[in-house]
Amino acid sequence: MASLIGNNTLGEGGKLVERHWQELNSRRRLYTALSLALLFLALTSSLWFANETNAGKFFDRLPYFFDFIEDLLPRDGMEVVRALFDLPSPYDDGSFKYNYPEGRLYLTDSFYIPEYVHKMLETVNIAILSTLIGLAFGFLLSFLAAKNVMPNRWVRWPARRFMEVLRAFPEVVIAGFFLAILSLGAVPAIIAVSVHTIGALGKMFFEVVENADMKPEEGLRAAGANWVERVWFGFVPQVMPNFMSYFLLRLEINVRASTIIGAVGGGGIGELLRLSIGQGHEAKTLAIILLLFTTIFAVDQFSAWLRRRLVGEQAFNAVV
Amino acid sequence: MNMLHPQEMEAIAARHKNLLDKSNSKRRRLVLIWSGTCLYFAFCWWMFSIGDVLRNANWSIAGTYLADWVSYEVRPELEIAPDGTMKIDYGRFSPLGNNPAPDWVELKHETVERQVGAATQATAQSKPSSSISFMAAPATQNSVGAATPTTAAQPSETRPEDVITTASVSLGGGTSIAVADRRVTVVHAGEVLAITVDGKTQTRPEGTLPSWATQKRLGEKITLSFGTRGWAEVEGDEVSIRRRFFGWANFIFDTNSPFFGKSASEVFALVTSGDRIDPSRSNLSLAWNNILYNAEWQHLDVWTKLLQTIVMAFVGTLFASLLAFPLCFLAARNITRHRVLNQVTKRFFDFLRSVDMLIWALFFTRAFGPGPLAGISAIFFTDTGTFGKLYSEALENIDEKQREGVKSVGASPLAVQRFGVLPQVLPVFASQSLYFWESNTRSATIIGAVGAGGIGLKLWEAMRTNSDWENVAYMVLLILLVVFIFDGISNALRSRLMGAR
């Protein structure tokens, strides 16, 4: 329709522009169609490959898709509460399935922390500690990697590559390596999560530093401040809110990461969850999931609230 | 600074009091934060008993494991009989193949006649070596050929046996171990250590032990460490040598392949113009098959598993964005003006996100069995929540002017979304999906380790044995490569989508 109107009213030059525009438009449509076709092809072949190499075929196993709900139905509703707070169960037959009180961690003679709460605290502490370690080292590295702070490319380049390798190195390998050297427990998980966090936070930090306002730095330079002083008084005050925002975002991610690392031998709640699902202890599984869900939800909400206070709505646009 | 007069400085200080003097509460807050952090570190040190863990760690083995990433050991073991003769054994899965004869091991063979049947006794008794007659090899062959039939019926028959009388193993760089007549001479770092063994249990070093040799108690085994070149153990009846070589052993062809031990040009010549090794197929397909099914490196399996990981991240992220796309319009409060619907959709996203990827992975592994389908589902469920949250936040932050403009010309509600909203948010959506595609490639590795398919499980299995660190290194290298490539693609696409921002 647009072209009809155009042909009637446009002059020679206008028709040329119109023709150009139509050419461009059809080429763009062609490219869009081509990339969609390519995406579709990649998707179907990926699905075929995933189905072929899977242990069970998709359509054979689809009826069992919601089987996991069976793993979550305890004998009665109170069982979940008993599992969560380590209260004795009326069904106790001496098996591992109902031995809730055995995991109690007594602080005094009568006051105890339930096993799952204890392990959940351990996992959260792994996350907090490794995020703090990541914050400290990422902070130092980011100023070495930012272009506007470190003009020397022989420092900048290794710092950036180092962070990239730390970020991309599979956490499970670091955890596995330190599990072999240290014994089973939380320390390998702390190391693995910290290493990844240093790389990830360092990258986000140096991007923040590169976007910082250079005027305070210029003023300090004019007054004869040295490098450390320029960084400390020129950059740190303006980037700190953003740094803290990323720190909190990373904390959310690390709570999940330390749970997963726990499931592969790093201690904490993840290990208990894997064991409980594997052995079919419904009440225990449900209790752990409820606890994990609540914790992750609480950490997310707390961090969102604090980030909103620190940097305002901007915190939520800058996820990428 | 010193240009300013002190009075001027005081005047400036007086004018900007609030800048120069930190308020008490601010100062206190800083002290609180620092002391709190220090206390927290101390608490964690105690809670995880980090000190004990680090003290009890097996640091010496860490070096070996790390060295295994990029090097391999060849393990000749010399068994010493009480009479001083020796046998050499390279172990069953030696990287040198079934009948290794490396040029850094020099052996002097002799053929002796031994009494079979009494042979076990002969080795058990500590006979002096003179009681066994050493002969030149060809002569023995002849004499035995004649003698064997006649003595066949007797309980203790005499049979020729190939034994080693002197062995000299060079570990390169002036380090060598020579064994002759129950005497082990080790040269390392310019020092010479001679050890006498009795062929049974006792070892006795001559003189004091150098710093690179350790012995717990006199007579027990002596451990010699040669740094990066390897190490050795001298026991009463055995000298075990571990020579370390840099690189990955038999990376292309394993020791059972007919192409094993051939140089690149030889293999090339065989593949292009040689006679068929296996009559049923060409040399090229045989060689390719041998590479894919290399027993030690399992190239085909590793590549399949890596592809599974990539597919898991790709399909999971794509499906999650496809499902989150329509849902986010329901969750955004400026698009759908229905508070209950907004809240329900948002809490649904929160639920999907907060039930961790690990939990989804464990459940779907039970549903689909181990494999990429479980991983795809886990990523799909978690990221539908994540994308829904991110997308709806992007929608809530759009510029209302475009929407109003489209609405004012009387467009239908669908057209308002298509022309007033989508152009603003689509680049953001695509950029976020790309970012998560790349980051999910990394997460897919980890959830693989709990059984959800992909290279994670293979990595985990390789690490469990503590002896396949070179395979771990190979897989890590592949993962790093894939992550860097995807990082590059995702960054390039994102910067094109978002324009020069």
# chains A, B, ... in the order shown; residues from 1 in each chain; ligands from 1
>>> residues_around(residues="segment 196-213 of chain A", least_positions_apart="3", cutoff="9 Å", atoms="only C-alpha atoms", output="NGL selection string")
:A and (130-131 or 133-149 or 160 or 162-171 or 191-193 or 216-217 or 234-236 or 238-239 or 242-243 or 246-247 or 250 or 254)
>>> closest_atom_pairs(of="chain A", to="chain B", cutoff="6 Å", atoms="only C-alpha atoms", output="Markdown table")
| residue | atom | partner | partner_atom | distance |
| --- | --- | --- | --- | --- |
| A:Ser46 | CA | B:Val311 | CA | 5.7 |
| A:Ala50 | CA | B:Pro372 | CA | 5.5 |
| A:Asn54 | CA | B:Gly371 | CA | 4.3 |
| A:Ala55 | CA | B:Gly369 | CA | 5.3 |
| A:Gly56 | CA | B:Phe368 | CA | 5.4 |
| A:Arg61 | CA | B:Phe368 | CA | 5.7 |
| A:Tyr64 | CA | B:Ala367 | CA | 5.6 |
| A:Phe65 | CA | B:Ala367 | CA | 5.2 |
| A:Phe68 | CA | B:Phe363 | CA | 5.7 |
| A:Val172 | CA | B:Ile446 | CA | 5.9 |
| A:Ile181 | CA | B:Asn58 | CA | 5.3 |
| A:Leu182 | CA | B:Ala57 | CA | 4.6 |
| A:Ile260 | CA | B:Leu358 | CA | 5.8 |
| A:Phe293 | CA | B:Ser354 | CA | 5.4 |
| A:Ile296 | CA | B:Ser354 | CA | 5.7 |
| A:Phe297 | CA | B:Ser354 | CA | 5.7 |
>>> residues_around(residues="Leu273 of chain A", least_positions_apart="6", cutoff="10 Å", atoms="only C-alpha atoms", output="ChimeraX atom specification")
/A:116,259-260,262-263,279,281,284-289,292 /B:358-359,362
>>> residues_around(residues="Trp288 of chain B", least_positions_apart="6", cutoff="12 Å", atoms="only C-alpha atoms", output="PyMOL selection string")
chain B and resi 252-253+257-259+267+271+281-282+294+299-300
>>> write_last_selection(atoms="N, CA and C atoms", output="PDB file, in the first residue's frame")
ATOM      1  N   ILE B 252      47.088 -39.609  20.357  1.00  0.00           N
ATOM      2  CA  ILE B 252      46.381 -39.876  19.095  1.00  0.00           C
ATOM      3  C   ILE B 252      46.074 -41.362  18.957  1.00  0.00           C
ATOM      4  N   PHE B 253      47.109 -42.197  19.001  1.00  0.00           N
ATOM      5  CA  PHE B 253      46.880 -43.637  18.881  1.00  0.00           C
ATOM      6  C   PHE B 253      47.253 -44.303  20.194  1.00  0.00           C
ATOM      7  N   SER B 257      46.921 -49.806  18.828  1.00  0.00           N
ATOM      8  CA  SER B 257      46.690 -49.441  17.435  1.00  0.00           C
ATOM      9  C   SER B 257      47.891 -49.857  16.575  1.00  0.00           C
ATOM     10  N   PRO B 258      47.621 -50.293  15.334  1.00  0.00           N
ATOM     11  CA  PRO B 258      48.756 -50.597  14.448  1.00  0.00           C
ATOM     12  C   PRO B 258      49.569 -49.364  14.098  1.00  0.00           C
ATOM     13  N   PHE B 259      49.013 -48.186  14.308  1.00  0.00           N
ATOM     14  CA  PHE B 259      49.759 -46.968  13.999  1.00  0.00           C
ATOM     15  C   PHE B 259      50.594 -46.488  15.183  1.00  0.00           C
ATOM     16  N   VAL B 267      52.793 -42.394   9.378  1.00  0.00           N
ATOM     17  CA  VAL B 267      51.340 -42.573   9.398  1.00  0.00           C
ATOM     18  C   VAL B 267      50.728 -42.000   8.132  1.00  0.00           C
ATOM     19  N   VAL B 271      48.558 -44.030   5.446  1.00  0.00           N
ATOM     20  CA  VAL B 271      47.174 -43.677   5.187  1.00  0.00           C
ATOM     21  C   VAL B 271      46.962 -43.380   3.707  1.00  0.00           C
ATOM     22  N   ARG B 281      38.914 -52.650   5.443  1.00  0.00           N
ATOM     23  CA  ARG B 281      38.678 -51.209   5.363  1.00  0.00           C
ATOM     24  C   ARG B 281      39.976 -50.483   5.021  1.00  0.00           C
ATOM     25  N   SER B 282      39.789 -49.240   4.582  1.00  0.00           N
ATOM     26  CA  SER B 282      40.975 -48.481   4.178  1.00  0.00           C
ATOM     27  C   SER B 282      41.761 -48.058   5.421  1.00  0.00           C
ATOM     28  N   ASN B 294      40.385 -44.384  20.958  1.00  0.00           N
ATOM     29  CA  ASN B 294      41.595 -44.441  21.765  1.00  0.00           C
ATOM     30  C   ASN B 294      41.210 -44.811  23.202  1.00  0.00           C
ATOM     31  N   HIS B 299      38.421 -40.188  22.842  1.00  0.00           N
ATOM     32  CA  HIS B 299      38.092 -38.924  22.177  1.00  0.00           C
ATOM     33  C   HIS B 299      36.616 -38.825  21.822  1.00  0.00           C
ATOM     34  N   LEU B 300      36.074 -39.876  21.231  1.00  0.00           N
ATOM     35  CA  LEU B 300      34.685 -39.804  20.767  1.00  0.00           C
ATOM     36  C   LEU B 300      33.744 -39.546  21.941  1.00  0.00           C
TER      37      LEU B 300
END
>>> atom_distance(atom1="atom CA of Glu79 of chain A", atom2="atom CA of Gly266 of chain A")
27.5 Å
>>> residues_around(residues="Lys262 of chain B", least_positions_apart="6", cutoff="12 Å", atoms="only C-alpha atoms", output="list in words")
Asn250, Ile252, Phe253, Asp254, Thr255, Phe268, Ala269, Leu270, Val271 and Ala287 of chain B
>>> atom_distance(atom1="atom CA of Leu24 of chain A", atom2="atom CA of Val409 of chain B")
26.4 Å
>>> atom_distance(atom1="atom CA of Ile455 of chain B", atom2="atom CA of Gly185 of chain A")
23.7 Å
>>> closest_residue(among="B:Glu238, B:Thr203, B:Trp34, B:Lys216", to="Met86 of chain B", atoms="only C-alpha atoms")
B:Glu238
